[in-house]
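These notes concern the structure reproduced below.
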Amino acid sequence: MQIKKVSRIDEPFSVVGFGCWASGGEWNDTNDLDSMKAMQRAVDLGVNFFDVAPVYGLGHAEEVLGEALKGRRQQVMIGSKCGLLWDDRGRISNNLTAESMHVEIDDSLRRFQTDYIDLYQLHWPDLDTPIEETISALEQIRHMGKIRYYGVSNFSLSLTFKAMELGHVASYQGLYNMLERNPDSYHSIPLDYRTEREILPLCEDYGLAFLPYSPLFQGLLADSFQASDNFDEHDIRSNNPKLRGELFQNYFEKRKRLDSFAQQIGKPLHQVAINWLIAHPAVTSIICGAQTAEQVQQNIESVSWQLSEDMLTEIDTILQSLH
Ligand SMILES: NC(=O)c1ccc[n+]([C@@H]2O[C@H](COP(=O)([O-])OP(=O)(O)OC[C@H]3O[C@@H](n4cnc5c(N)ncnc54)[C@H](OP(=O)(O)O)[C@@H]3O)[C@@H](O)[C@H]2O)c1
């Protein structure tokens, strides 16, 4: 496993991390046993960073990860989040008030069966709560020993700078993959940051870890993705407008171009997608989602080879030509 280190966090990260959203049970065919096997295989193969959130499966993904890591907690860093609450009908709302965050952290620790979280991330901004209150709550929670570091996700550049003035922001998590370099939406949510243009330079300049989410475009950049019928309507991905209808046809055509390149160099598309991310100096740990130990293994095999400068140039040319 390769590692990357940033100045704001003491421990190096494995370049391939693990994203636990699917383990919450809202994706195709997820089951807890496969999820736990996948997580354990990841630890066996040197993954030391797991990304999760309370909202993934409404608490379930955190419980599954806690169970999978029993006896191995010290070997890894857990990155969880706060700021998205759900009601008894499963409706989600943003809340980054101090009062709510103090409740959320204790709920997460109980679900993980641990007494600390390594990296606590503000999942989405809450524009109704002053950022001063939120950062001050994070500092209190850190002083209590419940978290070691904290970071932001989906924040605009200006709000990130504001948070950095108020406290020690250690990481940024944002949407980034070969076909979504400066995306302006995620599912149906507008994004008011531009990943490659604004966030990656910020992370490089100030030593924040950058954690790209949906690195495989929710499966579109994996080898097995088909032109149709990749998931049923219960799968959370059916809510992604980029993975259905005309927009999907457009993205699938772009994927075909990248797949031809992958075939030309004799590598699986998902490994090309992961290695393209690894090659960017600001990208710290790629939190690939995976439902099986086999997928984990295939993703980690990416680190056994690298894209050459010529290959990166060729990919860049392909990406520039796609509209
Ligand atoms: N901060 C945020 O707002 C935010 C938002 C989204 C995600 N995230 C985080 O980012 C993580 C990763 O993003 P993501 O889950 O959206 O999607 P992703 O990592 O881009 O894609 C994951 C999917 O790709 C497919 N896949 C992975 N490895 C494969 C392989 N070797 N061969 C074939 N298919 C493979 C699987 O699809 P199948 O299930 O169809 O096999 C898997 O479920 C999440 O788990 C979560 O931790 C954060």
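Labels for the structure tokens follow display order: chains A, B, ..., residues from 1 in each chain, ligands from 1.
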(request) Identify, on the basis of only C-alpha atoms, every residue whose closest approach to His102 in chain A does not exceed 12 Å; exclude the query and any residue fewer than 3 positions from it along the same chain; express the result as a VMD selection string. (result) chain A and resid 82 to 83 95 to 99 105 to 109 134 136 to 142 144 146 to 147
(request) List all protein, DNA and RNA residues that have at least one atom no more than 8 Å from any atom of ligand 1, counting only C-alpha atoms and all ligand atoms, and write them as number ranges by chain. (result) A: 18-23, 27-30, 50-53, 123-124, 153-154, 173-175, 177, 212-225, 230-231, 270-271, 287-292, 294-299
Take the selection from the previous step and output its residues with N, CA and C atoms, as a short mmCIF file (atom, residue, chain, number, x, y, z; two decimals), in the first residue's frame.
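Output (selection.cif):
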data_model
loop_
_atom_site.label_atom_id
_atom_site.label_comp_id
_atom_site.auth_asym_id
_atom_site.auth_seq_id
_atom_site.Cartn_x
_atom_site.Cartn_y
_atom_site.Cartn_z
N PHE A 18 -11.51 3.52 2.28
CA PHE A 18 -12.75 2.75 2.11
C PHE A 18 -13.94 3.65 2.45
N GLY A 19 -14.89 3.76 1.54
CA GLY A 19 -16.11 4.53 1.76
C GLY A 19 -17.26 3.60 2.13
N CYS A 20 -17.92 3.90 3.24
CA CYS A 20 -18.87 2.93 3.82
C CYS A 20 -20.34 3.21 3.53
N TRP A 21 -20.63 4.10 2.62
CA TRP A 21 -22.04 4.45 2.41
C TRP A 21 -22.88 3.21 2.06
N ALA A 22 -22.38 2.42 1.13
CA ALA A 22 -23.17 1.25 0.69
C ALA A 22 -23.43 0.28 1.84
N SER A 23 -22.58 0.28 2.85
CA SER A 23 -22.75 -0.64 3.97
C SER A 23 -23.95 -0.25 4.85
N TRP A 27 -27.97 0.63 -0.89
CA TRP A 27 -27.53 0.34 -2.25
C TRP A 27 -28.00 -1.07 -2.62
N ASN A 28 -27.79 -1.46 -3.87
CA ASN A 28 -28.11 -2.82 -4.35
C ASN A 28 -27.62 -3.89 -3.39
N ASP A 29 -28.41 -4.90 -3.16
CA ASP A 29 -27.94 -6.17 -2.59
C ASP A 29 -26.96 -6.09 -1.43
N THR A 30 -26.95 -4.99 -0.69
CA THR A 30 -25.96 -4.92 0.40
C THR A 30 -26.33 -5.90 1.50
N PHE A 50 -11.14 4.83 6.93
CA PHE A 50 -12.53 4.45 6.62
C PHE A 50 -13.41 5.68 6.77
N ASP A 51 -14.15 5.97 5.70
CA ASP A 51 -15.06 7.12 5.72
C ASP A 51 -16.50 6.64 5.86
N VAL A 52 -17.23 7.26 6.79
CA VAL A 52 -18.61 6.85 7.03
C VAL A 52 -19.38 8.09 7.50
N ALA A 53 -20.66 7.94 7.77
CA ALA A 53 -21.46 9.05 8.29
C ALA A 53 -22.67 8.46 9.01
N HIS A 123 -20.59 17.43 7.38
CA HIS A 123 -21.01 16.74 6.15
C HIS A 123 -21.43 17.72 5.05
N TRP A 124 -22.32 18.64 5.39
CA TRP A 124 -22.77 19.70 4.47
C TRP A 124 -22.89 20.97 5.30
N SER A 153 -16.78 19.22 4.52
CA SER A 153 -17.18 18.54 3.28
C SER A 153 -18.24 19.39 2.59
N ASN A 154 -18.12 19.52 1.29
CA ASN A 154 -19.12 20.26 0.49
C ASN A 154 -19.23 21.73 0.88
N GLN A 173 -13.48 17.14 2.17
CA GLN A 173 -14.04 16.04 1.37
C GLN A 173 -14.98 16.61 0.32
N GLY A 174 -14.74 16.26 -0.95
CA GLY A 174 -15.58 16.80 -2.01
C GLY A 174 -15.71 15.83 -3.17
N LEU A 175 -16.71 16.10 -4.02
CA LEU A 175 -16.97 15.24 -5.18
C LEU A 175 -15.85 15.41 -6.22
N ASN A 177 -13.90 12.98 -9.48
CA ASN A 177 -13.50 11.79 -10.23
C ASN A 177 -13.21 12.22 -11.66
N PRO A 212 -11.45 12.55 -1.99
CA PRO A 212 -12.43 12.64 -3.08
C PRO A 212 -13.56 11.63 -2.88
N TYR A 213 -14.79 12.14 -2.86
CA TYR A 213 -15.89 11.17 -2.74
C TYR A 213 -16.44 10.80 -4.11
N SER A 214 -17.15 9.68 -4.16
CA SER A 214 -17.60 9.07 -5.43
C SER A 214 -16.45 8.99 -6.43
N PRO A 215 -15.29 8.45 -6.03
CA PRO A 215 -14.13 8.41 -6.93
C PRO A 215 -14.38 7.55 -8.17
N LEU A 216 -15.33 6.61 -8.05
CA LEU A 216 -15.67 5.76 -9.21
C LEU A 216 -17.02 6.17 -9.80
N PHE A 217 -17.46 7.39 -9.52
CA PHE A 217 -18.73 7.89 -10.05
C PHE A 217 -19.84 6.89 -9.72
N GLN A 218 -19.86 6.44 -8.48
CA GLN A 218 -20.86 5.48 -7.98
C GLN A 218 -20.92 4.20 -8.82
N GLY A 219 -19.82 3.83 -9.41
CA GLY A 219 -19.76 2.57 -10.17
C GLY A 219 -19.61 2.77 -11.66
N LEU A 220 -20.00 3.95 -12.17
CA LEU A 220 -19.91 4.19 -13.62
C LEU A 220 -18.48 4.00 -14.13
N LEU A 221 -17.49 4.34 -13.29
CA LEU A 221 -16.09 4.20 -13.72
C LEU A 221 -15.50 2.86 -13.30
N ALA A 222 -16.36 1.90 -13.00
CA ALA A 222 -15.87 0.54 -12.71
C ALA A 222 -16.13 -0.33 -13.94
N ASP A 223 -15.33 -1.39 -14.04
CA ASP A 223 -15.37 -2.24 -15.23
C ASP A 223 -16.73 -2.84 -15.55
N SER A 224 -17.47 -3.19 -14.47
CA SER A 224 -18.67 -4.00 -14.70
C SER A 224 -19.91 -3.16 -15.04
N PHE A 225 -19.82 -1.82 -15.02
CA PHE A 225 -21.01 -0.99 -15.23
C PHE A 225 -21.54 -1.18 -16.65
N ASN A 230 -28.23 -1.21 -14.02
CA ASN A 230 -27.14 -1.38 -13.06
C ASN A 230 -27.66 -1.48 -11.63
N PHE A 231 -28.84 -0.94 -11.39
CA PHE A 231 -29.41 -1.00 -10.05
C PHE A 231 -30.91 -0.83 -10.13
N HIS A 270 -11.58 0.79 -13.45
CA HIS A 270 -11.58 1.34 -12.08
C HIS A 270 -10.16 1.59 -11.58
N GLN A 271 -9.20 0.77 -12.05
CA GLN A 271 -7.82 1.02 -11.63
C GLN A 271 -7.25 2.28 -12.30
N ILE A 287 -11.54 7.35 -1.13
CA ILE A 287 -12.48 6.58 -0.31
C ILE A 287 -13.43 5.79 -1.23
N CYS A 288 -12.88 4.74 -1.83
CA CYS A 288 -13.67 3.93 -2.76
C CYS A 288 -14.76 3.18 -2.00
N GLY A 289 -15.98 3.25 -2.52
CA GLY A 289 -17.04 2.40 -1.99
C GLY A 289 -16.88 1.00 -2.55
N ALA A 290 -17.21 0.00 -1.76
CA ALA A 290 -17.12 -1.39 -2.25
C ALA A 290 -18.08 -2.24 -1.44
N GLN A 291 -18.70 -3.18 -2.11
CA GLN A 291 -19.66 -4.04 -1.41
C GLN A 291 -19.10 -5.42 -1.12
N THR A 292 -17.99 -5.76 -1.74
CA THR A 292 -17.44 -7.11 -1.52
C THR A 292 -15.92 -7.03 -1.32
N GLU A 294 -13.85 -8.83 -2.87
CA GLU A 294 -13.22 -8.89 -4.21
C GLU A 294 -13.04 -7.49 -4.78
N GLN A 295 -14.08 -6.67 -4.64
CA GLN A 295 -13.96 -5.30 -5.16
C GLN A 295 -12.85 -4.55 -4.44
N VAL A 296 -12.77 -4.75 -3.12
CA VAL A 296 -11.71 -4.08 -2.35
C VAL A 296 -10.35 -4.48 -2.89
N GLN A 297 -10.19 -5.79 -3.08
CA GLN A 297 -8.90 -6.31 -3.57
C GLN A 297 -8.56 -5.71 -4.93
N GLN A 298 -9.55 -5.69 -5.82
CA GLN A 298 -9.30 -5.14 -7.17
C GLN A 298 -8.93 -3.67 -7.11
N ASN A 299 -9.57 -2.94 -6.21
CA ASN A 299 -9.27 -1.51 -6.11
C ASN A 299 -7.87 -1.29 -5.56
#
(request) With a distance cut-off of 6 Å and only C-alpha atoms, select the neighbouring residues of Phe112 in chain A, excluding the residue or stretch itself and same-chain residues fewer than 2 positions from it, and output the selection as a list in words. (result)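 That gives Glu62, Glu63, Gly66, Leu109, Arg110 and Thr114 of chain A.
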Extract, using only C-alpha atoms, all DNA, RNA and protein residues at most 9 Å from range 161-171 of chain A, discarding same-chain residues fewer than 4 positions from it, and format them as a CSV table (one decimal) with N, CA and C atoms, in the first residue's frame.
chain,number,residue,atom,x,y,z
A,6,VAL,N,-0.1,14.6,4.9
A,6,VAL,CA,-0.3,16.0,4.8
A,6,VAL,C,0.1,16.7,6.1
A,7,SER,N,0.4,18.0,6.1
A,7,SER,CA,1.0,18.6,7.3
A,7,SER,C,0.0,18.8,8.4
A,8,ARG,N,-1.3,18.8,8.1
A,8,ARG,CA,-2.2,19.1,9.2
A,8,ARG,C,-2.6,17.8,10.0
A,9,ILE,N,-2.2,16.7,9.6
A,9,ILE,CA,-2.5,15.4,10.3
A,9,ILE,C,-1.3,14.6,10.5
A,119,LEU,N,-11.2,11.5,12.6
A,119,LEU,CA,-11.5,12.7,11.8
A,119,LEU,C,-13.0,12.9,11.7
A,121,GLN,N,-16.0,15.1,10.3
A,121,GLN,CA,-16.2,16.0,9.2
A,121,GLN,C,-17.6,16.7,9.2
A,131,ILE,N,-21.0,29.8,11.6
A,131,ILE,CA,-19.9,28.9,11.6
A,131,ILE,C,-19.1,29.0,12.9
A,132,GLU,N,-19.1,30.2,13.5
A,132,GLU,CA,-18.4,30.4,14.7
A,132,GLU,C,-18.9,29.4,15.8
A,134,THR,N,-20.3,26.5,15.2
A,134,THR,CA,-20.0,25.1,14.8
A,134,THR,C,-18.5,24.8,15.1
A,135,ILE,N,-17.6,25.7,14.8
A,135,ILE,CA,-16.2,25.4,15.0
A,135,ILE,C,-15.9,25.4,16.5
A,136,SER,N,-16.5,26.3,17.2
A,136,SER,CA,-16.3,26.3,18.7
A,136,SER,C,-16.8,25.0,19.3
A,138,LEU,N,-16.8,22.1,17.7
A,138,LEU,CA,-15.8,21.1,17.3
A,138,LEU,C,-14.6,21.1,18.2
A,139,GLU,N,-14.1,22.4,18.6
A,139,GLU,CA,-13.0,22.5,19.4
A,139,GLU,C,-13.3,21.9,20.8
A,149,TYR,N,-9.2,15.0,15.0
A,149,TYR,CA,-9.1,16.1,14.0
A,149,TYR,C,-10.5,16.3,13.5
A,150,TYR,N,-10.6,17.5,12.8
A,150,TYR,CA,-11.9,17.7,12.2
A,150,TYR,C,-11.7,18.3,10.8
A,151,GLY,N,-12.7,18.2,9.9
A,151,GLY,CA,-12.6,18.7,8.6
A,151,GLY,C,-14.0,19.1,8.1
A,152,VAL,N,-14.0,19.6,6.8
A,152,VAL,CA,-15.3,20.0,6.2
A,152,VAL,C,-15.5,19.2,4.9
A,153,SER,N,-16.8,19.2,4.5
A,153,SER,CA,-17.2,18.5,3.3
A,153,SER,C,-18.2,19.4,2.6
A,156,SER,N,-18.3,25.8,0.5
A,156,SER,CA,-17.7,26.7,-0.5
A,156,SER,C,-16.3,27.1,-0.1
A,157,LEU,N,-15.6,27.6,-1.0
A,157,LEU,CA,-14.2,28.1,-0.7
A,157,LEU,C,-14.2,29.1,0.4
A,203,CYS,N,-6.1,22.8,-0.7
A,203,CYS,CA,-5.6,21.7,0.2
A,203,CYS,C,-4.1,21.6,0.0
A,207,GLY,N,-2.0,22.3,3.3
A,207,GLY,CA,-1.7,21.1,4.0
A,207,GLY,C,-2.9,20.3,4.5
A,208,LEU,N,-4.0,20.5,3.9
A,208,LEU,CA,-5.2,19.8,4.3
A,208,LEU,C,-5.3,18.4,3.5
A,209,ALA,N,-5.8,17.4,4.2
A,209,ALA,CA,-6.0,16.2,3.4
A,209,ALA,C,-7.2,16.4,2.5
A,210,PHE,N,-7.1,15.9,1.2
A,210,PHE,CA,-8.3,16.0,0.4
A,210,PHE,C,-8.8,14.6,0.1
A,211,LEU,N,-10.1,14.4,0.4
A,211,LEU,CA,-10.7,13.1,0.3
A,211,LEU,C,-11.7,13.1,-0.8
(request) Name the residues of range 37-107 of chain A that fall into helix (DSSP H, G or I) according to DSSP on the backbone, using the chain letters and numbers of this document, as a PyMOL selection string. (result) chain A and resi 37-44+60-68+73-75+98-107
Write the residues you've just listed into a file as a PDB file, in the first residue's frame, and include N, CA and C atoms for each of them.
ATOM      1  N   LYS A  37     -16.839  -8.293   5.661  1.00  0.00           N
ATOM      2  CA  LYS A  37     -15.703  -8.991   5.013  1.00  0.00           C
ATOM      3  C   LYS A  37     -14.907  -8.016   4.160  1.00  0.00           C
ATOM      4  N   ALA A  38     -15.620  -7.135   3.464  1.00  0.00           N
ATOM      5  CA  ALA A  38     -14.945  -6.146   2.612  1.00  0.00           C
ATOM      6  C   ALA A  38     -14.082  -5.220   3.477  1.00  0.00           C
ATOM      7  N   MET A  39     -14.636  -4.767   4.599  1.00  0.00           N
ATOM      8  CA  MET A  39     -13.886  -3.855   5.486  1.00  0.00           C
ATOM      9  C   MET A  39     -12.664  -4.569   6.060  1.00  0.00           C
ATOM     10  N   GLN A  40     -12.842  -5.828   6.452  1.00  0.00           N
ATOM     11  CA  GLN A  40     -11.718  -6.557   7.059  1.00  0.00           C
ATOM     12  C   GLN A  40     -10.633  -6.855   6.029  1.00  0.00           C
ATOM     13  N   ARG A  41     -11.062  -7.168   4.795  1.00  0.00           N
ATOM     14  CA  ARG A  41     -10.063  -7.391   3.737  1.00  0.00           C
ATOM     15  C   ARG A  41      -9.279  -6.097   3.494  1.00  0.00           C
ATOM     16  N   ALA A  42      -9.980  -4.976   3.562  1.00  0.00           N
ATOM     17  CA  ALA A  42      -9.309  -3.681   3.371  1.00  0.00           C
ATOM     18  C   ALA A  42      -8.218  -3.497   4.434  1.00  0.00           C
ATOM     19  N   VAL A  43      -8.535  -3.788   5.686  1.00  0.00           N
ATOM     20  CA  VAL A  43      -7.510  -3.634   6.751  1.00  0.00           C
ATOM     21  C   VAL A  43      -6.355  -4.599   6.484  1.00  0.00           C
ATOM     22  N   ASP A  44      -6.685  -5.851   6.120  1.00  0.00           N
ATOM     23  CA  ASP A  44      -5.626  -6.844   5.834  1.00  0.00           C
ATOM     24  C   ASP A  44      -4.663  -6.324   4.768  1.00  0.00           C
ATOM     25  N   HIS A  60     -26.816   2.726  10.555  1.00  0.00           N
ATOM     26  CA  HIS A  60     -26.419   1.334  10.346  1.00  0.00           C
ATOM     27  C   HIS A  60     -24.965   1.171   9.889  1.00  0.00           C
ATOM     28  N   ALA A  61     -24.521   2.025   8.965  1.00  0.00           N
ATOM     29  CA  ALA A  61     -23.147   1.864   8.447  1.00  0.00           C
ATOM     30  C   ALA A  61     -22.126   2.042   9.578  1.00  0.00           C
ATOM     31  N   GLU A  62     -22.382   2.975  10.483  1.00  0.00           N
ATOM     32  CA  GLU A  62     -21.451   3.161  11.614  1.00  0.00           C
ATOM     33  C   GLU A  62     -21.408   1.899  12.480  1.00  0.00           C
ATOM     34  N   GLU A  63     -22.572   1.292  12.693  1.00  0.00           N
ATOM     35  CA  GLU A  63     -22.599   0.065  13.517  1.00  0.00           C
ATOM     36  C   GLU A  63     -21.835  -1.070  12.848  1.00  0.00           C
ATOM     37  N   VAL A  64     -22.038  -1.222  11.535  1.00  0.00           N
ATOM     38  CA  VAL A  64     -21.371  -2.305  10.796  1.00  0.00           C
ATOM     39  C   VAL A  64     -19.853  -2.091  10.827  1.00  0.00           C
ATOM     40  N   LEU A  65     -19.411  -0.846  10.624  1.00  0.00           N
ATOM     41  CA  LEU A  65     -17.968  -0.576  10.642  1.00  0.00           C
ATOM     42  C   LEU A  65     -17.393  -0.856  12.038  1.00  0.00           C
ATOM     43  N   GLY A  66     -18.097  -0.420  13.073  1.00  0.00           N
ATOM     44  CA  GLY A  66     -17.628  -0.664  14.446  1.00  0.00           C
ATOM     45  C   GLY A  66     -17.459  -2.154  14.703  1.00  0.00           C
ATOM     46  N   GLU A  67     -18.412  -2.937  14.219  1.00  0.00           N
ATOM     47  CA  GLU A  67     -18.376  -4.398  14.415  1.00  0.00           C
ATOM     48  C   GLU A  67     -17.192  -4.997  13.649  1.00  0.00           C
ATOM     49  N   ALA A  68     -17.012  -4.544  12.408  1.00  0.00           N
ATOM     50  CA  ALA A  68     -15.940  -5.092  11.555  1.00  0.00           C
ATOM     51  C   ALA A  68     -14.561  -4.785  12.121  1.00  0.00           C
ATOM     52  N   ARG A  73      -9.226  -1.690  16.041  1.00  0.00           N
ATOM     53  CA  ARG A  73      -9.538  -0.257  16.037  1.00  0.00           C
ATOM     54  C   ARG A  73      -8.287   0.616  15.945  1.00  0.00           C
ATOM     55  N   GLN A  74      -7.220   0.203  16.686  1.00  0.00           N
ATOM     56  CA  GLN A  74      -6.016   1.043  16.751  1.00  0.00           C
ATOM     57  C   GLN A  74      -5.247   1.059  15.420  1.00  0.00           C
ATOM     58  N   GLN A  75      -5.534   0.091  14.543  1.00  0.00           N
ATOM     59  CA  GLN A  75      -4.787   0.015  13.276  1.00  0.00           C
ATOM     60  C   GLN A  75      -5.253   1.033  12.251  1.00  0.00           C
ATOM     61  N   ALA A  98     -24.325  23.702  18.058  1.00  0.00           N
ATOM     62  CA  ALA A  98     -23.491  23.056  19.082  1.00  0.00           C
ATOM     63  C   ALA A  98     -24.300  21.981  19.821  1.00  0.00           C
ATOM     64  N   GLU A  99     -25.533  22.314  20.162  1.00  0.00           N
ATOM     65  CA  GLU A  99     -26.357  21.380  20.937  1.00  0.00           C
ATOM     66  C   GLU A  99     -26.515  20.044  20.196  1.00  0.00           C
ATOM     67  N   SER A 100     -26.823  20.149  18.907  1.00  0.00           N
ATOM     68  CA  SER A 100     -27.027  18.944  18.115  1.00  0.00           C
ATOM     69  C   SER A 100     -25.721  18.161  17.946  1.00  0.00           C
ATOM     70  N   MET A 101     -24.619  18.873  17.729  1.00  0.00           N
ATOM     71  CA  MET A 101     -23.334  18.176  17.507  1.00  0.00           C
ATOM     72  C   MET A 101     -22.902  17.390  18.743  1.00  0.00           C
ATOM     73  N   HIS A 102     -23.179  17.940  19.942  1.00  0.00           N
ATOM     74  CA  HIS A 102     -22.806  17.213  21.161  1.00  0.00           C
ATOM     75  C   HIS A 102     -23.615  15.911  21.289  1.00  0.00           C
ATOM     76  N   VAL A 103     -24.853  15.931  20.820  1.00  0.00           N
ATOM     77  CA  VAL A 103     -25.662  14.712  20.848  1.00  0.00           C
ATOM     78  C   VAL A 103     -25.149  13.741  19.770  1.00  0.00           C
ATOM     79  N   GLU A 104     -24.900  14.280  18.578  1.00  0.00           N
ATOM     80  CA  GLU A 104     -24.472  13.426  17.452  1.00  0.00           C
ATOM     81  C   GLU A 104     -23.183  12.670  17.744  1.00  0.00           C
ATOM     82  N   ILE A 105     -22.211  13.360  18.337  1.00  0.00           N
ATOM     83  CA  ILE A 105     -20.924  12.680  18.555  1.00  0.00           C
ATOM     84  C   ILE A 105     -21.111  11.500  19.513  1.00  0.00           C
ATOM     85  N   ASP A 106     -21.917  11.686  20.546  1.00  0.00           N
ATOM     86  CA  ASP A 106     -22.103  10.577  21.507  1.00  0.00           C
ATOM     87  C   ASP A 106     -22.853   9.412  20.852  1.00  0.00           C
ATOM     88  N   ASP A 107     -23.809   9.731  19.996  1.00  0.00           N
ATOM     89  CA  ASP A 107     -24.533   8.665  19.286  1.00  0.00           C
ATOM     90  C   ASP A 107     -23.571   7.879  18.385  1.00  0.00           C
TER      91      ASP A 107
END
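Distance check against Arg181 in chain A using only C-alpha atoms: of A:Phe248, A:Trp276, A:Tyr116, A:Tyr206, the minimum falls on A:Trp276.
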(request) Apply DSSP to the backbone of this structure and, from range 12-251 of chain A, keep only the residues in strand (DSSP E); write these as a VMD selection string. (result) chain A and resid 13 to 14 16 to 19 49 to 51 77 to 82 84 to 86 92 to 94 117 to 122 147 to 153 169 to 175 185 to 186 189 to 190 209 to 213
Take the residues from that selection and write them out as a PDB file, in the first residue's frame, keeping C-alpha atoms.
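Saved result, part.pdb, follows:
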ATOM      1  CA  PHE A  13      -3.090   7.895   5.008  1.00  0.00           C
ATOM      2  CA  SER A  14      -3.254   4.809   2.799  1.00  0.00           C
ATOM      3  CA  VAL A  16      -6.752   3.784  -1.107  1.00  0.00           C
ATOM      4  CA  GLY A  17      -9.292   4.229   1.658  1.00  0.00           C
ATOM      5  CA  PHE A  18     -12.749   2.749   2.114  1.00  0.00           C
ATOM      6  CA  GLY A  19     -16.110   4.534   1.765  1.00  0.00           C
ATOM      7  CA  PHE A  49      -8.788   5.180   6.536  1.00  0.00           C
ATOM      8  CA  PHE A  50     -12.526   4.452   6.625  1.00  0.00           C
ATOM      9  CA  ASP A  51     -15.063   7.125   5.722  1.00  0.00           C
ATOM     10  CA  MET A  77      -8.438   5.966  11.315  1.00  0.00           C
ATOM     11  CA  ILE A  78     -12.199   6.376  11.338  1.00  0.00           C
ATOM     12  CA  GLY A  79     -13.559   9.431   9.548  1.00  0.00           C
ATOM     13  CA  SER A  80     -17.199  10.093  10.383  1.00  0.00           C
ATOM     14  CA  LYS A  81     -19.396  13.136  10.016  1.00  0.00           C
ATOM     15  CA  CYS A  82     -22.100  15.271  11.586  1.00  0.00           C
ATOM     16  CA  LEU A  84     -27.347  15.689   8.731  1.00  0.00           C
ATOM     17  CA  LEU A  85     -30.202  14.643  11.019  1.00  0.00           C
ATOM     18  CA  TRP A  86     -33.165  12.428  10.176  1.00  0.00           C
ATOM     19  CA  ILE A  92     -33.052  14.608   6.334  1.00  0.00           C
ATOM     20  CA  SER A  93     -32.247  18.124   7.580  1.00  0.00           C
ATOM     21  CA  ASN A  94     -29.050  20.131   8.110  1.00  0.00           C
ATOM     22  CA  ILE A 117     -13.221   9.325  16.138  1.00  0.00           C
ATOM     23  CA  ASP A 118     -10.045  10.249  14.275  1.00  0.00           C
ATOM     24  CA  LEU A 119     -11.508  12.693  11.766  1.00  0.00           C
ATOM     25  CA  TYR A 120     -14.885  14.348  12.332  1.00  0.00           C
ATOM     26  CA  GLN A 121     -16.238  16.043   9.200  1.00  0.00           C
ATOM     27  CA  LEU A 122     -18.997  18.635   8.773  1.00  0.00           C
ATOM     28  CA  ILE A 147     -12.307  13.452  18.188  1.00  0.00           C
ATOM     29  CA  ARG A 148      -8.685  13.901  17.129  1.00  0.00           C
ATOM     30  CA  TYR A 149      -9.077  16.057  14.012  1.00  0.00           C
ATOM     31  CA  TYR A 150     -11.924  17.717  12.174  1.00  0.00           C
ATOM     32  CA  GLY A 151     -12.607  18.724   8.578  1.00  0.00           C
ATOM     33  CA  VAL A 152     -15.275  19.995   6.202  1.00  0.00           C
ATOM     34  CA  SER A 153     -17.180  18.536   3.279  1.00  0.00           C
ATOM     35  CA  VAL A 169      -9.473  22.435   9.813  1.00  0.00           C
ATOM     36  CA  ALA A 170      -7.501  19.338   8.785  1.00  0.00           C
ATOM     37  CA  SER A 171      -9.340  17.987   5.754  1.00  0.00           C
ATOM     38  CA  TYR A 172     -11.741  18.647   2.915  1.00  0.00           C
ATOM     39  CA  GLN A 173     -14.036  16.038   1.368  1.00  0.00           C
ATOM     40  CA  GLY A 174     -15.581  16.802  -2.015  1.00  0.00           C
ATOM     41  CA  LEU A 175     -16.967  15.241  -5.181  1.00  0.00           C
ATOM     42  CA  SER A 185     -24.262  19.464  -8.682  1.00  0.00           C
ATOM     43  CA  TYR A 186     -24.388  16.218  -6.735  1.00  0.00           C
ATOM     44  CA  ILE A 189     -28.014  19.380  -4.802  1.00  0.00           C
ATOM     45  CA  PRO A 190     -26.187  22.393  -6.275  1.00  0.00           C
ATOM     46  CA  ALA A 209      -6.046  16.164   3.434  1.00  0.00           C
ATOM     47  CA  PHE A 210      -8.262  16.013   0.351  1.00  0.00           C
ATOM     48  CA  LEU A 211     -10.665  13.057   0.295  1.00  0.00           C
ATOM     49  CA  PRO A 212     -12.428  12.636  -3.077  1.00  0.00           C
ATOM     50  CA  TYR A 213     -15.892  11.169  -2.737  1.00  0.00           C
TER      51      TYR A 213
END
(message) Between CA of Glu11 in chain A and CA of Val76 in chain A, what is the distance in Å, rounded to a tenth?
(response)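 Distance reported for this atom pair: 10.0 Å.
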(message) as a ChimeraX atom specification, please: the residues near Ser304 in chain A (cut-off 12 Å, only C-alpha atoms, same-chain neighbours under 2 positions excluded).
(response) /A:1-2,15-16,267,271-272,274-275,297-302,306-307
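Across A:Leu269, A:Ala227, A:Leu277, A:Leu69, the tightest approach to Glu180 in chain A is made by A:Leu277 when counting only C-alpha atoms.
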(request) Quick one: pull the distance between CA of Leu179 in chain A and CA of Phe261 in chain A, Å, one decimal. (result)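 Atom-to-atom, CA of Leu179 in chain A and CA of Phe261 in chain A are spaced 14.3 Å apart.
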(request) Give me, please, the distance in Å between CA of Gly145 in chain A and CA of Glu204 in chain A, quoted to one decimal. (result) 27.6 Å
(request) Go through A:Ile286, A:Leu319, A:Leu159, A:Leu33 one by one, measure the shortest atom-to-atom distance of each to Tyr251 in chain A using only C-alpha atoms, and give the residue with the smallest value. (result)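 So, comparing all the options, the nearest one is A:Leu319.
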